[in-house]
Amino acid sequence: MFKNAIVRIPGSNFDAGLTSVSLGRPDFERVLQQHAQYCEALIECGLTITTLDADLRFPDSTFVEDTAVLTPNGAVLTRPGAASREGEVDAIRPAILNYFPSPLTIEAPGTLDGGDICEAGDHFFLGLSHRTNEEGAHQLAAHLAALGYTSSTIDVRAMTSILHLKSGISYIGDNNLVVMEEMADNPQFRSFNLIQVGLDESYAANCVRVNERVLVAAGFPKLTADLQARGFDPLVLEMSEFQKMDGGLSCLSLRF
Ligand code: CIR
């Protein structure tokens with residue numbers, strides 16, 4: 001069960017952030033509206049949220065997930081792989097210190113984005129991506145071991161369709177792993193109950209279990225229906241403006 005979340009309001013220069021997709025320019029009014037609905041959804045799921053002010057120094061800073069890995073046993077501050085995002089960790093540190101007084105850290109030359117880290121019970125999958133390097137994953141694996149968790153790496157560097165590991169997989173509890181079709185045959189997922197997402201709904205593979213609900217992006221009826229049929233309670237959220245900047249549901253909050 002999560003009790004808390006940290007979010008950051010998108011800045012007016014949100015459209016100056018990084019993106020690898022060509023879905024058009026985000027509409028700032030809609031960005032704010034979708035973000036507000038996301039925050040309301042977290043509250044509906046029972047979370048108390050810390051809302052940080054927009055930070056115009058970092059256009060991508062609403063994607064707070066990339067700055068930390070928070071576990072029940074302790075926190076790790078990351079070192080984001082994109083140069084323009086490195087300072088986001090200093091910016092969020094005070095908010096994290098309120099809940100985790102002695103976070104561990106990822107040090108240079110390690111880089112690591114929280115979006116590459118998928119918790120699946122007591123095991124963590126660490127994505128090697130164009131943001132998270134082997135050194136970063138190695139440091140995190142040692143920190144997680146010290147906190148009592150196992151981990152293993154999954155290399156997604158050759159997958160041009162995803163930015164982070166969690167763009168393609170989401171653990172939604174009770175041994176259930178939502179996984180995009182292209183990754184479903186990974187032997188590391190063999191012991192999980194796989195919920196496959198077809199090529200036409202790949203973006204929806206980034207969903208988030210928050211207590212009794214599963215946050216799912218709007219516009220992906222097959223996954224939504226599949227989750228319902230399996231007894232989950234999807235909470236559907238418009239994400240169009242964040243998708244334009246390579247962002248998914250998980251990136252918009254740190255949950256703990
Ligand atoms: C970036 O490229 O860093 C941002 N525009 C999107 C980050 C998305 N974060 C995530 O999936 N955890």
# chains A, B, ... in the order shown; residues from 1 in each chain; ligands from 1
>>> select_by_dssp(residues="region 213-244 of chain A", states="helix (DSSP H, G or I)", output="VMD selection string")
chain A and resid 221 to 229 240 to 243
>>> residues_near_ligand(ligand="ligand 1", cutoff="6 Å", atoms="only C-alpha atoms and all ligand atoms", output="PyMOL selection string")
chain A and resi 17-19+60+63+65-66+114-115+164+245-248+251
>>> residues_around(residues="Ser151 (chain A)", least_positions_apart="4", cutoff="7 Å", atoms="only C-alpha atoms", output="list of chain:residue names")
A:His123, A:Phe124, A:Phe125, A:Leu126, A:Ala141
>>> atom_distance(atom1="CA of Ser84 (chain A)", atom2="CA of Phe58 (chain A)")
7.1 Å
>>> residues_around(residues="Ser167 (chain A)", least_positions_apart="6", cutoff="10 Å", atoms="only C-alpha atoms", output="JSON, numbers by chain")
{"A": [115, 116, 161, 179, 180, 202, 203, 204, 205, 206, 207, 246, 247, 248, 249, 250, 251]}
>>> write_last_selection(atoms="N, CA and C atoms", output="short mmCIF file (atom, residue, chain, number, x, y, z; two decimals), in the first residue's frame")
data_model
loop_
_atom_site.label_atom_id
_atom_site.label_comp_id
_atom_site.auth_asym_id
_atom_site.auth_seq_id
_atom_site.Cartn_x
_atom_site.Cartn_y
_atom_site.Cartn_z
N GLY A 115 12.79 5.86 -14.27
CA GLY A 115 11.89 5.20 -15.22
C GLY A 115 12.41 3.85 -15.71
N ASP A 116 13.69 3.60 -15.45
CA ASP A 116 14.26 2.32 -15.84
C ASP A 116 14.16 1.27 -14.73
N SER A 161 11.69 1.81 -29.73
CA SER A 161 10.33 2.30 -29.46
C SER A 161 10.13 2.73 -28.02
N VAL A 179 3.12 -6.32 -19.87
CA VAL A 179 4.33 -6.28 -20.70
C VAL A 179 3.97 -6.07 -22.17
N MET A 180 4.71 -5.19 -22.83
CA MET A 180 4.46 -5.00 -24.25
C MET A 180 4.92 -6.25 -25.01
N SER A 202 0.86 -0.25 -27.31
CA SER A 202 2.13 -0.30 -26.58
C SER A 202 2.27 0.77 -25.49
N TYR A 203 1.83 1.99 -25.81
CA TYR A 203 2.00 3.08 -24.83
C TYR A 203 1.35 2.75 -23.50
N ALA A 204 0.26 1.96 -23.56
CA ALA A 204 -0.50 1.65 -22.34
C ALA A 204 0.23 0.69 -21.42
N ALA A 205 1.33 0.09 -21.90
CA ALA A 205 2.08 -0.84 -21.03
C ALA A 205 2.63 -0.13 -19.80
N ASN A 206 2.77 1.18 -19.87
CA ASN A 206 3.16 1.93 -18.69
C ASN A 206 1.89 2.28 -17.91
N CYS A 207 1.54 1.40 -16.97
CA CYS A 207 0.38 1.66 -16.10
C CYS A 207 0.88 1.54 -14.65
N ASP A 246 7.24 11.99 -24.43
CA ASP A 246 7.79 10.69 -24.02
C ASP A 246 7.46 10.31 -22.57
N GLY A 247 6.48 10.96 -21.99
CA GLY A 247 6.16 10.68 -20.59
C GLY A 247 4.99 9.73 -20.46
N GLY A 248 5.01 8.93 -19.42
CA GLY A 248 3.91 8.00 -19.14
C GLY A 248 3.37 8.25 -17.75
N LEU A 249 2.41 7.43 -17.36
CA LEU A 249 1.75 7.61 -16.06
C LEU A 249 2.72 7.49 -14.89
N SER A 250 3.63 6.52 -14.97
CA SER A 250 4.50 6.31 -13.80
C SER A 250 5.43 7.50 -13.60
N CYS A 251 5.85 8.16 -14.69
CA CYS A 251 6.87 9.22 -14.55
C CYS A 251 6.39 10.43 -13.77
#
>>> residues_around(residues="Phe220 (chain A)", least_positions_apart="3", cutoff="12 Å", atoms="only C-alpha atoms", output="ChimeraX atom specification")
/A:197-207,215-217,223-227,234,236-240
>>> residues_around(residues="His143 (chain A)", least_positions_apart="6", cutoff="9 Å", atoms="only C-alpha atoms", output="PyMOL selection string")
chain A and resi 76+104-105+149
>>> closest_residue(among="A:Thr111, A:Thr160, A:Asn175, A:Asn4", to="Arg190 (chain A)", atoms="only C-alpha atoms")
A:Asn175
>>> closest_residue(among="A:Ala137, A:Leu252, A:Leu56, A:Ala95", to="Tyr38 (chain A)", atoms="only C-alpha atoms")
A:Leu252
>>> residues_around(residues="Pro59 (chain A)", least_positions_apart="3", cutoff="10 Å", atoms="only C-alpha atoms", output="PyMOL selection string")
chain A and resi 10-18+54-56+62-63+84-85+88
>>> closest_residue(among="A:Leu147, A:Ile9, A:Ile162, A:Leu112", to="Glu135 (chain A)", atoms="only C-alpha atoms")
A:Leu112
>>> select_by_dssp(residues="region 45-169 of chain A", states="strand (DSSP E)", output="PyMOL selection string")
chain A and resi 48-52+68-71+74-77+104-105+117-120+123-128+150-155+169
>>> closest_residue(among="A:Leu23, A:Ala83, A:Val210, A:Leu235", to="Gly46 (chain A)", atoms="only C-alpha atoms")
A:Val210
>>> closest_residue(among="A:Arg230, A:His35, A:Arg25, A:His130", to="Ala82 (chain A)", atoms="only C-alpha atoms")
A:His130
